Structures are given as structure tokens and as C-alpha cells.
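Colleague: Sharing a structure below in C-alpha cells format, with a few things to ask.
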Amino acid sequence: MSQSPEKPDESNPQAHVPKAIVSRLSLYLRELQHLVRDGAETTSSTQLGKLLGFTDAQVRKDLAHFGQFGYPGIGYRCAELIEAIRKILNTNRSWRVGLVGVGNLGRALLGYRGFSQQGFEVVAAFDLRRELVGTRIEGIEVFHLDDLPRIAQRRDIRLGIIAVPAEAAQAVADRFVEAGVEGVLNFAPVTLSLPGSVRTVGVDLAIELEQLAFAVANLGKTR
């Protein structure tokens, strides 16, 4: 007779979980998905930690914020833990996304298949250039930015992606807020001012390279 894991504590206030832990959950999810694709049925905190450069204690501590998912003598069942993490991250459902800015970066994002694989569906793109309106890029229809409120409501867009130059990013963010979008992913290298009811995540590629350069430059100092 197989043992059942303890159920996650549903009373746990996830809103207060540190951002770093949520970020690591996404990393655990990716590795678990890779393991399943490779045919693995179970894994352990030691294996997950080794794959990602974390300690097994860190993996167990992170997951413990949401409950106890392991089986004595077995470890984690990959498929079950994937399902649990997706539920925690709220990606066990489909999120409809709108993207503003179909320049080089925007076009690349529209062609990225990883979004749909993780439960995100880009349902509309927006731009100010009239010659692009009515065209399709990577199968996604392009609308004029002025149509954002109407299309957002019609297509139930809850998340927005900003792929415009820095000087235009705040104006686009304001358009998203006016359209009722609840979360914004910002690729422009600028900090946005948004109401507390709208969540934002910034992706500044130059900052990521700066962090990488720092890590590489100081690698030898830690040895």
C-alpha cells in the first residue's frame, strides 16, 4: 500500500512568500519538466539542488513554505510536484496576454513558443505604426494601440508585455492600467510608476549582463 504525501497547507498566506522563493519555484518547475521529458518518474531534493546549484536543504525549505510534497523512501514524484508547483504559481490555467511594440524584440517575443508551453497565450499585439495594423506576426493579429481597451476587454487580456523604447514605456503602462490589465512584464530599461492594484516585473537585459559580468569577474576570488 503506497503512502500518501501530506496535503499542502492551504491556509499558508502565499502573498507573503519571499520573491526569491517564488523565483526558485519556477526553476524547480523547469528542471522537473526536463526530468519528465527524460523519462524520470521521481527525484529528490539532492538531485534538484545539484541540477540548479542549490543545497538539498534549500530545496526542502522552499517547498516547505507550501506544504510537504515528498514520499518517505521515494522522494518527489515528478508529475505530482509539477502539478503542485503550477497550482502554486497559478499557471495551471491559461493566462491571456497582450504585447505592445512589435519591433525586433516584440517580434522575437511573439515567436517564442515557451509562453504557450507554460500556460501563457499571447492573443493580441499592439503598435502605433498604421502599416502594421491588421497584419499578423507569428499568427498573432496586430491592432493599433488606441484599440487596447476594447481588445483587452473582448479577449480577456489580464497580463501585458511592454516591448517599446524606454521613453514610451510609462505611457504604454498607463494604457494597460486604463484597459484593466492586472500585471505588466516590462522589457524597457526604466522603472514604471503603477498603482498598487497592478503588479509589474521588469526584465532589463543589460542589468542581467552586469550581474553576469560581476559573477565572472569575482569567480576566482571565491576559490
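Please note that chains go A, B, ... in the order of the C-alpha cells, that every chain numbers its residues from 1, and that ligands are numbered from 1 in the order shown.
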Which residues are close to stretch 103-105 of chain A, i.e. within 8 Å by only C-alpha atoms, leaving aside same-chain residues fewer than 3 positions away? Reply as a list in words.
Modeller: Ala108, Leu109, Ala163 and Val164 of chain A
Colleague: Please produce a file of the residues just selected, as a PDB file, in the first residue's frame, where the atoms kept are N, CA and C atoms.
Modeller:
ATOM      1  N   ALA A 108      10.365  38.926 -31.729  1.00  0.00           N
ATOM      2  CA  ALA A 108      11.009  37.742 -31.155  1.00  0.00           C
ATOM      3  C   ALA A 108      10.150  37.136 -30.052  1.00  0.00           C
ATOM      4  N   LEU A 109       9.552  37.998 -29.224  1.00  0.00           N
ATOM      5  CA  LEU A 109       8.695  37.513 -28.147  1.00  0.00           C
ATOM      6  C   LEU A 109       7.438  36.840 -28.701  1.00  0.00           C
ATOM      7  N   ALA A 163       7.264  46.068 -24.882  1.00  0.00           N
ATOM      8  CA  ALA A 163       8.482  45.867 -25.670  1.00  0.00           C
ATOM      9  C   ALA A 163       8.720  47.103 -26.525  1.00  0.00           C
ATOM     10  N   VAL A 164       8.712  48.253 -25.875  1.00  0.00           N
ATOM     11  CA  VAL A 164       8.905  49.534 -26.560  1.00  0.00           C
ATOM     12  C   VAL A 164      10.122  50.228 -25.962  1.00  0.00           C
TER      13      VAL A 164
END
Colleague: For A:Val17, list every protein, DNA or RNA residue within 12 Å, evaluated using only C-alpha atoms, and leave out those in the same chain fewer than 3 positions away; present the list as a list in words.
Modeller: Asn12, Pro13, Gln14, Ala20, Ile21, Val22, Ser23, Arg24, Leu25, Lys61, Asp62, Leu63, Ala64, His65, Phe66, Ile88 and Leu89 of chain A
Colleague: What is the distance between atom CA of A:Asp56 and atom CA of A:Gly202, in Å to one decimal?
Modeller: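 Value for the atom CA of A:Asp56-atom CA of A:Gly202 distance: 29.4 Å.
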Colleague: Might you pull out every residue within 7 Å of A:Val181, with only C-alpha atoms counted and same-chain residues fewer than 3 positions away left off, and present them as a ChimeraX atom specification?
Modeller: /A:157-160,176-177
Colleague: Name all residues at most 9 Å from A:Thr200 (count only C-alpha atoms; drop same-chain ones fewer than 4 positions away) and give them as a JSON list (two decimals) with C-alpha atoms, in the first residue's frame.
Modeller:
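Result went into selection18.json, see below:
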[["chain", "number", "residue", "atom", "x", "y", "z"],
["A", 182, "GLU", "CA", -3.58, 43.41, -13.85],
["A", 183, "GLY", "CA", 0.07, 42.55, -14.45],
["A", 184, "VAL", "CA", 2.81, 44.03, -16.64],
["A", 185, "LEU", "CA", 6.06, 42.46, -17.83],
["A", 186, "ASN", "CA", 8.34, 45.35, -18.78],
["A", 192, "LEU", "CA", 7.44, 52.15, -14.12],
["A", 194, "LEU", "CA", 1.90, 51.91, -11.47]]
